[in-house]
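Peer 1: I have a structure I would like to understand better, so I am pasting it below and will then ask my questions one at a time.
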Amino acid sequence: MNIKYTTILLILFSLFVAQTSLAQLSIIPLPAQTELNEGVFSITAQTKLSYDNLSLLKMATEAANRWQQNGVNLHPQAYRNGNIEGTILLSLNHPNDKQLGLEGYSLTINTGAVVLRANTDAGIRYGLQTIGQLLDVSKNGQLPCATIVDYPRFAYRGMHLDVVRHFMPLSLVYKLLDQLEMHKMNVFHWHLTDDQGWRIEIKKYPKLTEIGGFRVRVDSLHWNSMPLITDRTNATYGGFYTQDEIRQVVAYAAERNITVVPEIEMPAHTMALLAAYPELACTGDNLGVAPGGIWPLTHILCPGKEETFHFMEDVLTEVMELFPSTLIHIGGDEADKTNWVKCPLCQKRMHEHGLKNEHELQSYFIQRIEKFVNSHGRRIIGWDEILEGGLAPNATVMSWRGEAGGIEAAKLGHQVIMSPGSHCYFDFYQGDPDIEPLAIGGFTPLSKVYDFEPIPAILTADQAQFIIGAQANHWAEYISTPSHLEYMAFPRLAALAEVLWSPKALRNWESFAARLPQQMKRYERDGINASRSAYQVRTKAIPSTNPDAIEVGLVTEMPGLEIRYTIDGSEPTLKSPLYVDKVVFEQTGTLKAATFEAGKKVSADMKRDFYLHLAFKKPIQISSEPSKQYNHGGAEALVDGIKGTTDYNDKKWLGFSGDDVLATIDLGAAKKVQTISLDVLKKEGDWIFAPQQVKFEVSLDGVSFTEIENIQAKGLSNIADGKSVVVYQADFKKTNVRYVRVTARNVGICPPGHQAAGEKAWLFVSEIIVN
C-alpha cells in the first residue's frame with residue numbers, strides 16, 4: 001500500500017480510537033486536550049478533598065455535596081504542604097498558566113492523587129464539573145487516570161430567557177443557572193421587558209410593574225390573534241422580580257462564573273412601559289399591555305421628547321446598580337417608525353440634528369443611550385437592527401437575522417455575538433410538529449445546533465476575532481411553563497455548549513451522540529424535562545425507482561438505533577419489520593415508525609399517511625408560481641401522495657402570498673371519479689388563512705368544465721393552538737372525468753381585527769386527492 005495512504009489511514013484510525021475513548025468518558029462539553037492513561041484513582045473513606053486557597057472552600061463543599069449522589073463522601077479541608085498521596089487537590093496557579101486563561105483548568109489523575117489546577121476560581125469550578133461528570137460513569141468512586149488540559153474556544157457562551165411573554169418563577173431561574181454551570185456556559189441573558197410585560201422593579205417608576213407587570217390573559221385565542229385590551233379589570237396575569245430578588249440571582253450566578261446581562265427593550269417592544277406612562281409615546285395613547293403578539297410595532301417610544309431620554313436614563317441607572325455586567329442589552333429591534341414620520345417632535349429632532357431619515361433617528365436614539373451607559377463604565381449591546389442608520393461607536397451587536405449583521409459589525413471592528421434564528425432559536429421545533437409541544441415554527445433539531453459554526457466563513461482571521469461567542473434564545477410566546485422551557489432548552493443547550501467550548505477540530509456528531517445518553521441521565525437526576533426528539537424517526541426523500549409507488553426513506557438523528565415500522569397503522573413493536581433502506585407503498589396506507597435500543601422503544605411513534613389516488617404523479621399545471629421560500633417540488637408536490645403536516649416548513653406545502661391557486665390535473669384518460677379533496681393550512685397567527693372559496697370542476701376535454709362544488713370558507717377561527725389542516729372535499733355521484741380543476745381563492749389581505757390587518761395573506765395548499 002502507498003505510504004501516503006497508510007499514514008492517512010493511521011491518522012484516521014487514531015482519531016477514531018481517541019473519539020471512542022472520549023465518548024466513554026461522557027464529558028460534555030468535550031475538553032480541549034485529553035490523554036487517557038492506564039489505571040484508576042479510587043476514592044475511599046481515607047481520601048482527602050483539599051484546597052490551597054480559602055476562596056475554594058465553598059465550591060469544594062458544594063462539589064462534595066453533589067458527589068454524594070455518586071456514592072462518594074468527602075470532607076473539604078485546607079491543604080497542608082506535604083504528601084498529596086490519596087488526595088484530590090484543588091490548587092490556584094502561581095504564577096498563572098497563560099494557556100488556561102481565565103476559565104481553563106488542568107486535571108491530572110493518577111493512581112495516587114488527583115490535582116486540579118487553574119488560574120482562577122472559575123477554572124477550578126469548571127474542573128470540578130468535569131470530575132463530577134467522570135464520577136457519573138465511574139464505578140465505586142473510581143476516576144480513570146488521565147491528563148486533561150481544558151479551556152474555552154469562545155469567551156461568551158450564553159443562554160437567553162424571555163420571562164415577559166410568560167412570566168417564569170425564580171425557581172426555574174436558579175435551576176437554569178445550575179445547568180449553565182454544568183454546561184460551562186457563562187452568560188445568562190435575562191429578557192425583562194417587552195410589549196407583554198415589565199418584569200423588573202424600578203423604584204422611581206412603580207407603575208412599570210404595578211401596571212406594566214400584569215395583563216389580561218386570553219387563552220382561547222391564538223397568540224397572534226389576541227386583540228389589544230385597555231380595560232384592566234382582569235389584568236391579573238404576569239408578575240415581576242423585586243430588586244432584592246434580582247440581587248440574589250445576580251450573586252448566585254456570579255458565584256458560578258455566570259454574568260447576568262439584563263435586557264431593557266427600546267425604542268420598540270415598549271407597550272408595557274407605555275401602558276404605565278403613555279406620555280412617552282408619540283401619540284400619547286394608552287393601548288394597554290399587549291396580551292399577545294403585536295405587528296407591526298408602531299406604538300413605541302418617542303425620541304422627539306426629551307423626557308423619554310430622562311426616563312430611560314433613570315431606568316438604566318437603577319438597572320446598572322443591580323447588574324454589574326459590563327454589557328447592558330437595550331434591544332433596538334423591530335421598531336416601525338410610522339409614528340415617528342407623523343410626529344412633529346420627531347421631525348423637529350431630525351431637522352435640528354441633520355438626520356436624513358427615521359433610521360438615522362433611531363441611530364441617534366441608540367447613540368445617545370450609549371453615551372449615557374458608557375459614562376457609567378458600561379457598554380451597550382443590541383440586536384442587529386442597531387446597525388441601521390449608523391452603529392453606535394462602542395456597541396456590541398447580537399446577530400439574529402442570519403449572519404449578515406454579524407459579518408457587517410465584525411468588518412466594522414465591533415464585537416459580535418452570533419445568535420442566528422437558523423441555529424440558535426430554541427423556541428423552534430426540534431422534532432415532528434405533530435407530536436411535539438406547540439412551537440413558534442421553524443425546525444432546529446439537535447444535530448443542526450451541533451453543526452453550527454459561529455464564525456462566518458467569509459471573515460478574515462483578523463475580522464473573526466470580533467466574534468466573541470454565541471447564545472441560545474428562548475422566546476416564550478408559546479412557552480408558558482418551566483417544564484416546557486426545559487423541554488425546548490435541553491439537550492440542545494448541551495450541543496451549543498460544545499460548539500462554544502470545545503475546539504472545532506474535535507467536534508464530532510457521532511462522539512457527541514455517544515455521550516448524550518449519560519447527559520440525559522444527568523437531566524433526569526436533576527429533574528430536567530429534557531426532550532428526546534433526537535430519537536424520533538423522520539421521513540426523507542429518496543430517488544424513486546417505481547413510478548407507480550411511493551418510496552420512503554427513514555432516518556433518526558441518533559446513530560446506532562433500530563428503526564421498526566408498520567404500514568397498516570398499527571403500533572410498531574420489536575416484532576415489526578426492521579427498516580433497512582426504504583419503505584414502499586403500492587397502495588394507500590399509513591406508516592408508523594419508532595426507534596428501539598437494547599430491546600426497548602425509545603421514541604414516540606411517527607405517523608404519516610400516503611395516498612395512491614387517481615391523480616397520483618399525473619401531469620399538473622398551476623396558474624401562479626409559489627413563493628420561492630415555500631416552493632418545494634413545484635406543482636408536482638400537489639399530486640405526490642404525501643400530505644403536509646401542521647408545520648408549513650415541512651417541504652410538503654406550497655405557499656402563495658396574496659395570490660390565488662388554480663390547479664389543473666390531467667388524469668391521462670377518462671376515469672370514474674366520485675371524490676376530490678384539497679388540503680389547506682390554517683395558521684392565522686402566522687398570516688396563513690384558509691381560502692375564501694374553493695371550487696371543484698371536472699372535464700372530459702380540458703376545455704369545457706363543469707362545476708361540481710363551490711365551498712365558501714368561514715371567517716377567522718382564532719384557534720388557540722394554531723395547528724389546523726383543513727380538508728375541502730367534494731363528494732358526488734361517480735362521473736367520467738379526465739381533467740380536474742381546483743381553484744382556491746386567497747383572502748387577499750389579512751382582515752380587520754387581525755394583528756397584520758392590511759398585509760398580504762398567505763395561502764398554503766398541499767395534496768389534491770382524486771378518487
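A note on labels: chains of the C-alpha cells are A, B, ... as shown, every chain counts residues from 1, and ligands are counted from 1 in their shown order.
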Just list the residues in segment 34-208 of chain A DSSP gives strand (DSSP E) on the backbone, as a ChimeraX atom specification.
Peer 2: /A:34-42,48-51,76-78,87-92,105-109,114-118,142-150,156-162,187-191,193-194,197-198
Peer 1: Would you kindly return, as a count of residues only, each protein, DNA or RNA residue with an atom no farther than 12 Å from any atom of Asn119 of chain A, considering only C-alpha atoms and excluding same-chain residues fewer than 6 positions away?
Peer 2: 22
Peer 1: So that I can check the surroundings of Arg256 of chain A, please list as JSON, numbers by chain every protein, DNA and RNA residue that reaches within 8 Å of it, counting only C-alpha atoms and ignoring chain neighbours fewer than 4 positions away.
Peer 2: {"A": [122, 125, 177, 178, 181, 252]}
Peer 1: Mind giving me the straight-line distance from atom CA of Ala594 of chain A to atom CA of Leu516 of chain A in Å, one decimal?
Peer 2: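 Atom CA of Leu516 of chain A lies at a distance of 18.9 Å from atom CA of Ala594 of chain A.
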Peer 1: Would you mind listing what lies within 9 Å of Ile542 of chain A as a ChimeraX atom specification, with only C-alpha atoms counted and same-chain residues fewer than 3 positions away left out?
Peer 2: /A:551-553,582
Peer 1: With C-alpha atoms retained, could you export that selection as a PDB file, in the first residue's frame?
Peer 2:
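What landed in part.pdb:
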ATOM      1  CA  GLU A 551     -40.837   5.051  -1.760  1.00  0.00           C
ATOM      2  CA  VAL A 552     -39.967   6.475   1.635  1.00  0.00           C
ATOM      3  CA  GLY A 553     -36.654   6.709   3.482  1.00  0.00           C
ATOM      4  CA  LYS A 582     -36.703   2.103   2.107  1.00  0.00           C
TER       5      LYS A 582
END
Peer 1: With DSSP run on the backbone, what are the helix (DSSP H, G or I) residues within segment 278-407 of chain A? I'd like them as a ChimeraX atom specification.
Peer 2: /A:278-280,306-322,338-342,344-353,358-374,384-387,404-407
Peer 1: Find the spatial neighbours of segment 623-632 of chain A, counting only C-alpha atoms, within a cut-off of 6 Å - ignore same-chain residues fewer than 4 positions away - and output them as a PyMOL selection string.
Peer 2: chain A and resi 651+654-656+662
Peer 1: How would the residues just chosen look if you wrote them out with N, CA and C atoms as a short mmCIF file (atom, residue, chain, number, x, y, z; two decimals), in the first residue's frame?
Peer 2:
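So the final result, stored in part01.cif, reads:
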data_model
loop_
_atom_site.label_atom_id
_atom_site.label_comp_id
_atom_site.auth_asym_id
_atom_site.auth_seq_id
_atom_site.Cartn_x
_atom_site.Cartn_y
_atom_site.Cartn_z
N LYS A 651 -41.72 21.13 3.92
CA LYS A 651 -41.41 20.93 2.49
C LYS A 651 -42.49 20.15 1.75
N LEU A 654 -47.08 24.23 -0.57
CA LEU A 654 -46.79 25.34 -1.48
C LEU A 654 -47.46 26.58 -0.91
N GLY A 655 -46.67 27.65 -0.77
CA GLY A 655 -47.19 28.87 -0.16
C GLY A 655 -47.31 30.00 -1.17
N PHE A 656 -48.45 30.71 -1.13
CA PHE A 656 -48.74 31.80 -2.06
C PHE A 656 -49.07 33.06 -1.26
N LEU A 662 -54.93 28.06 -8.93
CA LEU A 662 -55.77 27.33 -9.86
C LEU A 662 -54.93 26.18 -10.40
#
Peer 1: Extract, using only C-alpha atoms, all DNA, RNA and protein residues at most 9 Å from Pro227 of chain A, discarding same-chain residues fewer than 5 positions from it, and format them as a PyMOL selection string.
Peer 2: chain A and resi 290-294+753-755
Peer 1: If we count only C-alpha atoms, what is near Pro503 of chain A at a cut-off of 10 Å, once residues fewer than 2 positions away on the same chain are taken out, given as a list in words?
Peer 2: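 The filter keeps Leu30, Pro31, Ala32, Gln33, Asp150, Tyr151, Pro152, Arg153, Phe154, Glu498, Val499, Leu500, Trp501, Ala505, Leu506 and Arg507 of chain A.
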Peer 1: Dump N, CA, C and O atoms for the selected residues as a short mmCIF file (atom, residue, chain, number, x, y, z; two decimals), in the first residue's frame?
Peer 2:
data_model
loop_
_atom_site.label_atom_id
_atom_site.label_comp_id
_atom_site.auth_asym_id
_atom_site.auth_seq_id
_atom_site.Cartn_x
_atom_site.Cartn_y
_atom_site.Cartn_z
N LEU A 30 -16.83 18.63 25.47
CA LEU A 30 -15.61 17.86 25.34
C LEU A 30 -14.40 18.73 25.69
O LEU A 30 -14.28 19.85 25.22
N PRO A 31 -13.47 18.23 26.53
CA PRO A 31 -12.28 19.02 26.87
C PRO A 31 -11.38 19.29 25.67
O PRO A 31 -11.38 18.53 24.69
N ALA A 32 -10.59 20.33 25.78
CA ALA A 32 -9.71 20.72 24.68
C ALA A 32 -8.63 19.67 24.42
O ALA A 32 -8.30 19.36 23.28
N GLN A 33 -8.05 19.14 25.49
CA GLN A 33 -6.99 18.13 25.35
C GLN A 33 -7.22 17.05 26.41
O GLN A 33 -7.37 17.36 27.59
N ASP A 150 -7.87 21.97 29.65
CA ASP A 150 -9.16 22.39 29.09
C ASP A 150 -9.35 23.89 29.22
O ASP A 150 -9.03 24.48 30.26
N TYR A 151 -9.90 24.48 28.18
CA TYR A 151 -10.17 25.92 28.16
C TYR A 151 -11.16 26.20 27.04
O TYR A 151 -11.27 25.42 26.08
N PRO A 152 -11.92 27.29 27.11
CA PRO A 152 -12.98 27.53 26.13
C PRO A 152 -12.47 28.12 24.82
O PRO A 152 -11.49 28.85 24.80
N ARG A 153 -13.21 27.80 23.75
CA ARG A 153 -12.91 28.39 22.45
C ARG A 153 -13.41 29.84 22.39
O ARG A 153 -12.74 30.70 21.81
N PHE A 154 -14.58 30.10 22.96
CA PHE A 154 -15.18 31.44 22.92
C PHE A 154 -15.36 31.99 24.33
O PHE A 154 -15.67 31.24 25.26
N GLU A 498 -21.01 22.62 23.58
CA GLU A 498 -19.83 22.00 22.99
C GLU A 498 -19.32 22.81 21.79
O GLU A 498 -18.11 22.91 21.57
N VAL A 499 -20.23 23.40 21.03
CA VAL A 499 -19.83 24.27 19.93
C VAL A 499 -18.99 25.43 20.44
O VAL A 499 -17.99 25.83 19.82
N LEU A 500 -19.36 25.98 21.59
CA LEU A 500 -18.72 27.20 22.08
C LEU A 500 -17.51 26.95 22.96
O LEU A 500 -16.65 27.82 23.09
N TRP A 501 -17.44 25.77 23.56
CA TRP A 501 -16.30 25.48 24.45
C TRP A 501 -15.20 24.69 23.74
O TRP A 501 -14.03 25.03 23.82
N ALA A 505 -11.90 21.41 15.79
CA ALA A 505 -11.34 20.20 15.19
C ALA A 505 -11.79 18.93 15.91
O ALA A 505 -11.78 17.84 15.34
N LEU A 506 -12.20 19.06 17.18
CA LEU A 506 -12.60 17.89 17.95
C LEU A 506 -14.08 17.57 17.82
O LEU A 506 -14.52 16.49 18.21
N ARG A 507 -14.84 18.51 17.28
CA ARG A 507 -16.29 18.29 17.23
C ARG A 507 -16.62 17.14 16.29
O ARG A 507 -16.16 17.08 15.15
#
Peer 1: Quick check, in Å to one decimal: how far apart do atom CA of Tyr728 of chain A and atom CA of Thr664 of chain A lie?
Peer 2: 16.3 Å
Peer 1: Given only C-alpha atoms as the basis, pick out the residue of A:Cys346, A:Val765, A:Ile131, A:Val680 nearest to Ile622 of chain A.
Peer 2: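 Closest candidate: A:Val765.
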